[in-house]
Structures are given as C-alpha cells and as structure tokens.
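Chemist: Coordinates in protein24.txt, compact mmCIF, C-alpha atoms, are listed below.
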# COMPACT_ATOMS: atom_id res chain seq x y z
CA MET A 1 -19.30 -32.46 36.96
CA LYS A 2 -20.63 -35.58 38.65
CA ILE A 3 -20.16 -39.05 37.16
CA GLY A 4 -22.47 -41.76 38.45
CA PHE A 5 -20.57 -45.06 38.49
CA ASP A 6 -22.18 -48.46 39.12
CA ILE A 7 -19.80 -50.64 41.13
CA LEU A 8 -22.16 -53.65 41.12
CA GLY A 9 -22.33 -53.96 37.32
CA GLY A 10 -20.05 -56.51 35.67
CA ASP A 11 -19.00 -60.14 35.80
CA HIS A 12 -16.35 -59.45 38.45
CA ALA A 13 -18.02 -56.67 40.42
CA PRO A 14 -17.32 -54.94 42.67
CA GLN A 15 -13.58 -55.70 42.65
CA ASN A 16 -12.81 -54.79 39.02
CA CYS A 17 -15.11 -51.76 39.24
CA LEU A 18 -13.29 -50.44 42.29
CA GLU A 19 -9.88 -51.04 40.74
CA GLY A 20 -10.96 -49.02 37.71
CA LEU A 21 -12.43 -46.34 39.96
CA LEU A 22 -9.12 -45.95 41.75
CA LEU A 23 -7.19 -45.65 38.47
CA ALA A 24 -9.63 -43.05 37.11
CA TYR A 25 -9.60 -41.07 40.37
CA HIS A 26 -5.90 -40.33 39.93
CA GLU A 27 -6.44 -39.05 36.36
CA LEU A 28 -9.64 -37.04 36.65
CA PRO A 29 -9.45 -33.28 37.26
CA LYS A 30 -10.42 -32.04 40.69
CA ASP A 31 -13.70 -30.55 39.51
CA VAL A 32 -14.99 -34.01 38.52
CA ARG A 33 -16.61 -35.94 41.34
CA ILE A 34 -17.57 -39.62 41.17
CA VAL A 35 -20.85 -40.74 42.70
CA ILE A 36 -20.39 -44.39 43.71
CA ILE A 37 -23.58 -46.41 43.30
CA GLY A 38 -23.48 -49.75 45.10
CA ASP A 39 -22.39 -51.21 48.41
CA SER A 40 -20.89 -48.17 50.12
CA ASN A 41 -19.36 -50.26 52.93
CA ILE A 42 -17.29 -52.29 50.48
CA ALA A 43 -16.37 -49.18 48.50
CA LYS A 44 -15.25 -47.19 51.55
CA ALA A 45 -13.20 -50.10 52.89
CA PHE A 46 -11.46 -50.46 49.50
CA LEU A 47 -10.68 -46.74 49.25
CA GLU A 48 -9.39 -46.49 52.81
CA LYS A 49 -7.20 -49.55 52.26
CA ASN A 50 -5.66 -47.78 49.26
CA GLY A 51 -5.07 -44.53 51.13
CA VAL A 52 -7.83 -42.54 49.43
CA ASN A 53 -10.00 -40.05 51.30
CA THR A 54 -13.62 -41.23 51.07
CA ALA A 55 -14.74 -37.60 51.41
CA ASP A 56 -13.64 -37.13 47.80
CA PHE A 57 -16.61 -39.24 46.68
CA ASP A 58 -20.38 -39.31 47.03
CA PHE A 59 -22.08 -42.60 47.90
CA VAL A 60 -25.51 -43.99 47.03
CA HIS A 61 -25.86 -47.23 48.94
CA THR A 62 -27.55 -50.35 47.59
CA GLU A 63 -26.83 -54.04 47.58
CA GLU A 64 -29.45 -54.90 44.97
CA VAL A 65 -28.12 -56.05 41.59
CA ILE A 66 -29.65 -56.82 38.21
CA HIS A 67 -27.67 -59.90 37.29
CA MET A 68 -26.47 -60.61 33.76
CA ALA A 69 -28.84 -63.53 33.17
CA GLU A 70 -31.99 -61.73 34.35
CA HIS A 71 -34.71 -60.58 31.98
CA PRO A 72 -33.99 -56.84 31.52
CA THR A 73 -37.54 -55.48 31.55
CA LYS A 74 -38.76 -57.63 34.44
CA ALA A 75 -35.64 -57.04 36.51
CA PHE A 76 -35.68 -53.28 36.01
CA SER A 77 -39.32 -53.01 37.10
CA GLN A 78 -39.00 -55.49 39.97
CA LYS A 79 -35.75 -54.09 41.38
CA PRO A 80 -36.24 -50.34 41.86
CA ASN A 81 -33.30 -50.21 44.28
CA SER A 82 -30.83 -51.93 41.99
CA SER A 83 -27.66 -50.04 41.13
CA ILE A 84 -28.83 -49.56 37.54
CA SER A 85 -32.27 -48.30 38.59
CA LEU A 86 -30.78 -45.86 41.08
CA GLY A 87 -28.24 -44.65 38.54
CA TYR A 88 -31.00 -43.74 36.12
CA LYS A 89 -33.01 -42.12 38.89
CA LEU A 90 -30.06 -39.87 39.71
CA LEU A 91 -29.59 -39.07 36.03
CA LYS A 92 -33.25 -38.20 35.55
CA GLU A 93 -33.20 -35.94 38.60
CA LYS A 94 -29.99 -34.30 37.29
CA GLN A 95 -28.05 -35.24 40.41
CA ILE A 96 -25.38 -36.65 38.09
CA ASP A 97 -24.28 -35.51 34.62
CA VAL A 98 -23.54 -38.96 33.21
CA PHE A 99 -24.17 -42.57 34.26
CA ALA A 100 -21.68 -45.37 33.52
CA SER A 101 -22.12 -49.10 34.09
CA GLY A 102 -20.81 -52.45 32.91
CA GLY A 103 -23.96 -54.19 34.13
CA ASN A 104 -26.74 -56.01 32.29
CA THR A 105 -26.78 -54.30 28.87
CA GLY A 106 -30.45 -55.04 28.30
CA ALA A 107 -31.35 -53.46 31.64
CA MET A 108 -29.22 -50.43 30.79
CA LEU A 109 -31.19 -49.97 27.59
CA VAL A 110 -34.54 -50.58 29.26
CA GLY A 111 -33.61 -48.09 31.97
CA ALA A 112 -32.69 -45.49 29.39
CA MET A 113 -35.99 -45.96 27.51
CA PHE A 114 -38.20 -46.04 30.62
CA THR A 115 -36.49 -43.46 32.83
CA VAL A 116 -34.73 -40.69 30.90
CA LYS A 117 -36.56 -41.73 27.67
CA THR A 118 -35.54 -41.06 24.09
CA ILE A 119 -34.83 -37.63 22.69
CA PRO A 120 -37.91 -36.34 20.82
CA GLY A 121 -37.54 -37.32 17.17
CA VAL A 122 -35.25 -40.30 17.77
CA ILE A 123 -36.78 -43.46 16.31
CA ARG A 124 -34.39 -45.96 17.91
CA PRO A 125 -31.49 -45.36 20.30
CA CYS A 126 -28.27 -47.12 19.36
CA VAL A 127 -24.79 -48.00 20.61
CA THR A 128 -21.50 -47.43 18.81
CA SER A 129 -18.14 -49.14 18.62
CA LEU A 130 -14.77 -47.74 17.59
CA LEU A 131 -13.02 -49.16 14.51
CA PRO A 132 -9.21 -48.78 14.53
CA LYS A 133 -7.97 -47.46 11.18
CA GLU A 134 -4.74 -48.49 9.52
CA ASP A 135 -3.54 -44.87 9.56
CA GLY A 136 -3.81 -44.66 13.34
CA GLY A 137 -7.20 -42.98 13.66
CA TYR A 138 -10.59 -44.41 14.57
CA GLY A 139 -13.95 -44.78 12.90
CA VAL A 140 -17.39 -45.17 14.48
CA LEU A 141 -19.61 -48.18 13.75
CA LEU A 142 -23.32 -48.21 14.61
CA ASP A 143 -25.53 -49.94 15.59
CA ILE A 144 -23.74 -52.84 17.28
CA GLY A 145 -26.60 -54.83 18.74
CA ILE A 146 -29.61 -52.96 20.10
CA ASN A 147 -31.51 -52.91 16.84
CA ALA A 148 -31.13 -56.24 15.08
CA ASP A 149 -33.57 -55.26 12.33
CA CYS A 150 -33.82 -51.71 11.04
CA LYS A 151 -36.01 -49.86 8.57
CA PRO A 152 -34.39 -47.45 6.09
CA ASP A 153 -35.37 -44.34 8.07
CA VAL A 154 -33.70 -45.79 11.18
CA LEU A 155 -30.46 -46.38 9.28
CA TYR A 156 -30.68 -42.82 7.96
CA GLN A 157 -31.01 -41.49 11.49
CA PHE A 158 -28.03 -43.57 12.60
CA GLY A 159 -26.08 -41.50 10.09
CA ILE A 160 -27.11 -38.36 11.97
CA LEU A 161 -26.39 -39.80 15.42
CA GLY A 162 -23.07 -41.30 14.37
CA SER A 163 -21.97 -38.07 12.73
CA ILE A 164 -22.73 -36.04 15.87
CA CYS A 165 -20.93 -38.57 18.09
CA ALA A 166 -17.86 -38.66 15.84
CA ARG A 167 -17.66 -34.87 15.75
CA GLU A 168 -18.44 -34.03 19.37
CA VAL A 169 -16.86 -36.92 21.31
CA TYR A 170 -14.07 -38.14 19.02
CA LYS A 171 -13.30 -34.70 17.49
CA ILE A 172 -13.54 -35.78 13.83
CA GLU A 173 -14.29 -32.73 11.69
CA ASN A 174 -17.03 -33.14 9.05
CA PRO A 175 -17.18 -36.94 9.51
CA ARG A 176 -17.66 -39.01 6.34
CA VAL A 177 -20.70 -41.27 6.72
CA ALA A 178 -20.96 -44.55 4.79
CA LEU A 179 -23.46 -47.39 4.57
CA LEU A 180 -22.11 -50.92 5.04
CA ASN A 181 -23.01 -53.02 2.00
CA ILE A 182 -21.87 -55.95 -0.13
CA GLY A 183 -20.73 -53.64 -2.91
CA GLU A 184 -19.99 -50.01 -3.66
CA GLU A 185 -22.76 -49.59 -6.25
CA GLN A 186 -25.96 -48.02 -4.96
CA GLU A 187 -28.13 -50.84 -6.35
CA LYS A 188 -26.26 -53.49 -4.32
CA GLY A 189 -27.54 -55.07 -1.12
CA ASN A 190 -30.93 -56.10 0.19
CA LEU A 191 -34.07 -53.99 -0.14
CA ILE A 192 -33.56 -52.29 3.23
CA VAL A 193 -30.02 -51.15 2.42
CA GLN A 194 -30.99 -50.06 -1.09
CA ALA A 195 -33.83 -47.95 0.30
CA ALA A 196 -31.54 -46.50 3.01
CA HIS A 197 -29.00 -45.56 0.35
CA GLY A 198 -31.73 -43.71 -1.54
CA LEU A 199 -32.53 -41.68 1.57
CA MET A 200 -28.93 -41.00 2.51
CA ARG A 201 -27.70 -40.16 -0.98
CA ASP A 202 -29.14 -36.65 -1.02
CA SER A 203 -28.84 -35.94 2.69
CA LYS A 204 -27.89 -32.53 3.97
CA ASP A 205 -27.88 -33.81 7.57
CA PHE A 206 -24.48 -35.48 7.24
CA ASN A 207 -21.59 -35.97 4.83
CA PHE A 208 -22.65 -39.16 3.01
CA ILE A 209 -19.99 -40.76 0.80
CA GLY A 210 -21.85 -43.92 -0.33
CA ASN A 211 -21.38 -47.61 0.38
CA VAL A 212 -18.37 -49.34 1.92
CA GLU A 213 -17.65 -53.06 1.88
CA GLY A 214 -16.45 -55.24 4.73
CA LYS A 215 -12.88 -55.15 3.45
CA GLU A 216 -12.85 -51.34 3.91
CA LEU A 217 -13.93 -51.26 7.57
CA PHE A 218 -10.45 -50.50 8.87
CA THR A 219 -9.33 -48.15 6.11
CA ASP A 220 -9.65 -44.37 6.07
CA LYS A 221 -12.48 -44.37 3.53
CA ALA A 222 -15.15 -43.39 6.08
CA ASP A 223 -15.39 -42.04 9.63
CA VAL A 224 -18.88 -43.33 10.45
CA ILE A 225 -20.19 -46.66 9.18
CA VAL A 226 -23.90 -47.41 9.47
CA CYS A 227 -25.41 -50.90 9.63
CA GLU A 228 -28.14 -52.93 11.33
CA GLY A 229 -27.41 -54.06 14.88
CA PHE A 230 -27.32 -57.73 13.90
CA ILE A 231 -24.49 -57.14 11.45
CA GLY A 232 -22.69 -54.67 13.71
CA ASN A 233 -22.71 -57.07 16.64
CA VAL A 234 -21.29 -59.90 14.54
CA LEU A 235 -18.54 -57.61 13.23
CA VAL A 236 -17.53 -56.35 16.67
CA LYS A 237 -17.43 -59.81 18.24
CA ASN A 238 -15.50 -61.15 15.27
CA ALA A 239 -12.91 -58.38 15.71
CA GLU A 240 -12.67 -59.12 19.43
CA ALA A 241 -12.19 -62.83 18.74
CA PHE A 242 -9.49 -62.09 16.19
CA TYR A 243 -7.67 -59.88 18.70
CA ASP A 244 -7.87 -62.63 21.36
CA LEU A 245 -6.48 -65.10 18.80
CA ILE A 246 -3.51 -62.85 18.08
CA VAL A 247 -2.78 -62.40 21.79
CA SER A 248 -3.07 -66.15 22.47
CA ARG A 249 -0.46 -66.79 19.77
CA GLY A 250 1.97 -64.40 21.43
CA ARG A 251 1.97 -61.86 18.62
CA ALA A 252 2.65 -58.23 19.49
CA ASP A 253 1.54 -55.52 17.09
CA GLU A 254 0.89 -51.85 17.81
CA TYR A 255 -2.06 -51.66 15.41
CA PHE A 256 -3.85 -54.78 16.59
CA GLU A 257 -3.47 -53.70 20.21
CA LYS A 258 -6.02 -50.99 19.40
CA PHE A 259 -8.65 -53.73 19.16
CA ASN A 260 -8.29 -54.31 22.90
CA TYR A 261 -11.68 -53.28 24.34
CA GLU A 262 -9.99 -52.32 27.62
CA LEU A 263 -8.48 -49.24 25.99
CA HIS A 264 -11.91 -47.84 25.05
CA GLY A 265 -13.90 -48.82 28.15
CA GLY A 266 -17.35 -48.59 26.67
CA ALA A 267 -19.63 -46.64 24.37
CA PRO A 268 -22.33 -43.99 24.75
CA ILE A 269 -25.99 -44.82 24.15
CA LEU A 270 -27.02 -42.38 21.44
CA GLY A 271 -30.51 -40.92 21.26
CA VAL A 272 -31.58 -40.99 24.91
CA ASN A 273 -32.35 -37.96 27.06
CA GLY A 274 -29.26 -38.23 29.22
CA ASN A 275 -25.57 -39.10 29.03
CA VAL A 276 -25.14 -42.86 29.41
CA VAL A 277 -22.07 -45.05 28.86
CA VAL A 278 -22.25 -48.85 28.76
CA GLY A 279 -19.32 -51.25 28.99
CA HIS A 280 -18.43 -54.92 28.73
CA GLY A 281 -19.62 -57.14 31.54
CA LYS A 282 -16.18 -58.79 31.52
CA SER A 283 -14.44 -55.42 32.00
CA THR A 284 -11.13 -55.34 33.85
CA GLY A 285 -10.00 -52.53 36.11
CA LEU A 286 -8.30 -50.87 33.12
CA ALA A 287 -11.51 -51.05 31.09
CA PHE A 288 -13.55 -49.52 33.92
CA LYS A 289 -11.01 -46.73 34.27
CA ASN A 290 -11.37 -45.90 30.58
CA MET A 291 -15.16 -46.16 30.85
CA ILE A 292 -15.14 -43.44 33.52
CA LEU A 293 -12.81 -41.25 31.44
CA LEU A 294 -15.08 -41.72 28.41
CA ALA A 295 -18.06 -40.77 30.57
CA GLN A 296 -16.27 -37.52 31.37
CA ASP A 297 -15.71 -36.85 27.64
CA VAL A 298 -19.36 -37.59 26.82
CA ALA A 299 -20.58 -35.24 29.55
CA ASN A 300 -18.15 -32.52 28.49
CA ALA A 301 -19.35 -32.83 24.90
CA LYS A 302 -22.98 -32.39 26.06
CA LEU A 303 -23.77 -35.10 23.55
CA ASN A 304 -27.47 -35.53 24.23
CA ASP A 305 -27.98 -31.75 24.16
CA LYS A 306 -26.28 -31.55 20.75
CA ILE A 307 -28.44 -34.38 19.39
CA THR A 308 -31.60 -32.71 20.74
CA GLN A 309 -30.65 -29.37 19.21
CA ILE A 310 -29.86 -30.82 15.79
CA LEU A 311 -32.99 -33.00 15.60
CA GLN A 312 -35.17 -30.05 16.51
Please lay out the structure from this file as structure tokens.
Modeler:
Amino acid sequence: MKIGFDILGGDHAPQNCLEGLLLAYHELPKDVRIVIIGDSNIAKAFLEKNGVNTADFDFVHTEEVIHMAEHPTKAFSQKPNSSISLGYKLLKEKQIDVFASGGNTGAMLVGAMFTVKTIPGVIRPCVTSLLPKEDGGYGVLLDIGINADCKPDVLYQFGILGSICAREVYKIENPRVALLNIGEEQEKGNLIVQAAHGLMRDSKDFNFIGNVEGKELFTDKADVIVCEGFIGNVLVKNAEAFYDLIVSRGRADEYFEKFNYELHGGAPILGVNGNVVVGHGKSTGLAFKNMILLAQDVANAKLNDKITQILQ
C-alpha cells in the first residue's frame, strides 16, 4: 500500500506534518509506504536529523502550495504543481492508494470533484465526523460542511454513504441510521427533513430507525446521524469549542477527551472515485499521525470500491 501525504498542507506546515509523519512511520506495518508530497529537501533533512532512512519513503517534490485563504477553484486550476494537485494526480494515476492532506479543504474537495470525480450515482460527496458516545463507542455524523443545503434525495443518499463508512471503516455491524430533527415524530421538522424522512422510512438500503434530536447525539440511539452540512458544521464546531472550554478550565475527563480532534486525525471524503482523507488545518503532529493511520484504514477497507459496488 502507498499513502500519499501532503506535507505542505496545514497552518503549521511542514513542521507539524513531518512530526506526524515520523510518529506514523514507527506504527505503520512494513508493507505500507508513505509517498511524501512537498519540499523533498526539507523532508529529507528532517528525516535524516531524526535518524530515519530516507530510502524508506518515496518523494514527489514541489514547493507550490494552495494557501488556506485562496479561492479553491481558482487556486486548483492555476497551481497544477501544488501539493494538493499533485496528490490527486497520483491518486488518479493509481500511483498511490489513498491521499491525505490537512490543506485547504475547499481545494481538497474541488480536486476530488475535478480529478478523480464522483462515483457514478453519487449526487453529492460528503464528509463525516465521529461522535463520541456515552457508552464508549462512536457514531458517524454527516454531512459536516460541504453541502450546506440538501434536497431530500441527497439526505437519503447520505444514509447509504454513512452506513457503508460506519460498517467498513469503523466496524459497526448493521449500523442504525437516523435523521437529525427537532422531534422524534415523523411530521416534525422543515419540509426538507419531512420529505427525507418519507424516503428513508421504507428504505432497504440501510437500517433506518427514525428521527433523533440534538439531545441524543451522544447516546447509543443511532450509529449514523444524517443532516445538512450547515447544521453538521455548527454541531461539530460547537463540540470542539466545548472541549476547548473544558481543557481551558483544567478539567480532566476520560469521556470528554474523546472530543479531541487530534485523536481522530481527519475524515474520509465519501462518494468520490478514490480514497481521500482530509484533516484540520490546525493539525498538530499527533493529529497528522492519526490522519495517516486513518488513511491506511480507509485504503484497507477499499471504501470507494464498496460504495461503487453498492450503488451499482
């Protein structure tokens, strides 16, 4: 297996990226090889300084970066030699099995749509987030920001994508899929959610259990929770802010520590014709390590192949 890793993506690149790379290198099995995409001179100097044989890696050199503040579509088309552009080129040509980056999220999505493209039948790709449950497990929330507004059929398809991801990557058997709403009754919510409920209610594509409310997000009622990207993004950032507040007040709690994004590293983009993992721009070395390990899990699960097979 080959993991393409962008060392120029992130608010503190390449230092944090390389620190995470080094941590992951010591945990990955020998048959997994990391393809370093970025300034190879900096990368080789860092590895040699830390006593690592550079022959254990492949290098794709570039110094061109799509910065966080750049317009994703313009930057992706105007910077064909950027680390993100080259990562997608390698993925399209099957020179790598998965591509991971903490760079400009918009450019990562544009690259996925323009280069490897969506899986036939997928209406809108989406990104997930993990929800720590009170019982110690995790649930999957989607979408968390790509699709601010969704039609009912898109929400229905999120149920399919989320169910596949939960089963194949996070090893949840027969995942229970729920629709986020303001009440449990099927007639609750706005017109979009009501219509989505009508589609999902009789689905044989996934195990639909009905609506869940915001107060049930972290319970064991559901394994996959579907919502529009606008709502999902607000929820995720609210949870991150709450975790930061707890840490700033010096509180230590085993459950709340699971809200630390560093432990999860990133999330796969679901619905595109290749394995792609995106992470926080602010990622630390620990977060980048876990992003690389997640990329390995996504590639091992052959996630995009499973989605293609099921949709066909």
Chemist: Name the closest residue to Gln296 in chain A among the candidates A:Glu216, A:Ala166, A:Ala100, A:Gly159; distances are taken between atoms, counting all atoms listed in the file.
Modeler: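 Using all atoms listed in the file, Gln296 in chain A sits closest to A:Ala100.
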Chemist: Please provide as a list of chain:residue names all residues within 10 Å of His71 in chain A, with the sequence filter that same-chain residues fewer than 6 positions apart are discarded (counting only C-alpha atoms).
Modeler: A:Asn104, A:Gly106, A:Ala107
Chemist: Point out the residue among A:Tyr170, A:Phe99, A:Phe230, A:Phe242 with the least atom-to-atom distance to Asp143 in chain A, counting all atoms listed in the file.
Modeler: A:Phe230
Chemist: Which residue is closest to Asn50 in chain A? Choose from A:Leu18, A:Lys92, A:Ile37, A:Pro72 and count all atoms listed in the file.
Modeler: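 Among the listed residues, the smallest separation from Asn50 in chain A belongs to A:Leu18.
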Chemist: Which polymer residues have any atom within 9 Å of an atom of Lys221 in chain A, counting all atoms listed in the file, with same-chain residues fewer than 6 positions away left out, as an MDAnalysis selection string?
Modeler: chainID A and resid 176 178 209 212
Chemist: Between A:Ile42, A:Asn273, A:Asn211, A:Lys289, which has the minimum distance to His26 in chain A (counting only C-alpha atoms)?
Modeler: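 Once distances to His26 in chain A are computed over only C-alpha atoms, the minimum belongs to A:Lys289.
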Chemist: Between CA of Gly266 in chain A and CA of Pro80 in chain A, what is the distance in Å, rounded to a tenth?
Modeler: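 CA of Pro80 in chain A lies at a distance of 24.3 Å from CA of Gly266 in chain A.
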Chemist: Nearest to Ala148 in chain A: which of A:Asn174, A:Asn233, A:Ser129, A:Gln78 is it, counting all atoms listed in the file?
Modeler: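 For Ala148 in chain A, the nearest of the given residues is A:Asn233.
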Chemist: Kindly indicate which residue among A:Ile7, A:Leu293, A:Ala75, A:Leu161 lies nearest to Pro29 in chain A, using all atoms listed in the file for the distances.
Modeler: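 Distance minimum relative to Pro29 in chain A lands on A:Leu293.
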Chemist: For a test of reading the model, state the distance in Å between CA of Arg33 in chain A and CA of Gly20 in chain A, rounded to one decimal.
Modeler: 14.7 Å
Chemist: Could you work out how far CA of Gly274 in chain A lies from CA of Lys117 in chain A, giving the answer in Å with one decimal?
Modeler: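 Separation between CA of Lys117 in chain A and CA of Gly274 in chain A: 8.2 Å.
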Chemist: Could you give me, as a ChimeraX atom specification, the residues within 12 Å of Tyr243 in chain A, counting only C-alpha atoms and dropping anything in the same chain fewer than 5 positions from it?
Modeler: /A:132,236-238,248-262
Chemist: I'd like the neighbourhood of Val272 in chain A as a VMD selection string, where a residue qualifies if any of its atoms comes within 12 Å (using all atoms listed in the file), though same-chain residues fewer than 5 positions away should be ignored.
Modeler: chain A and resid 88 91 to 92 98 108 to 127 161 277 303 to 308
Chemist: Contacts of Glu184 in chain A at 10 Å or less, counting all atoms listed in the file, minus same-chain residues fewer than 3 places along, as an MDAnalysis selection string?
Modeler: chainID A and resid 179:181 187:189 210:213
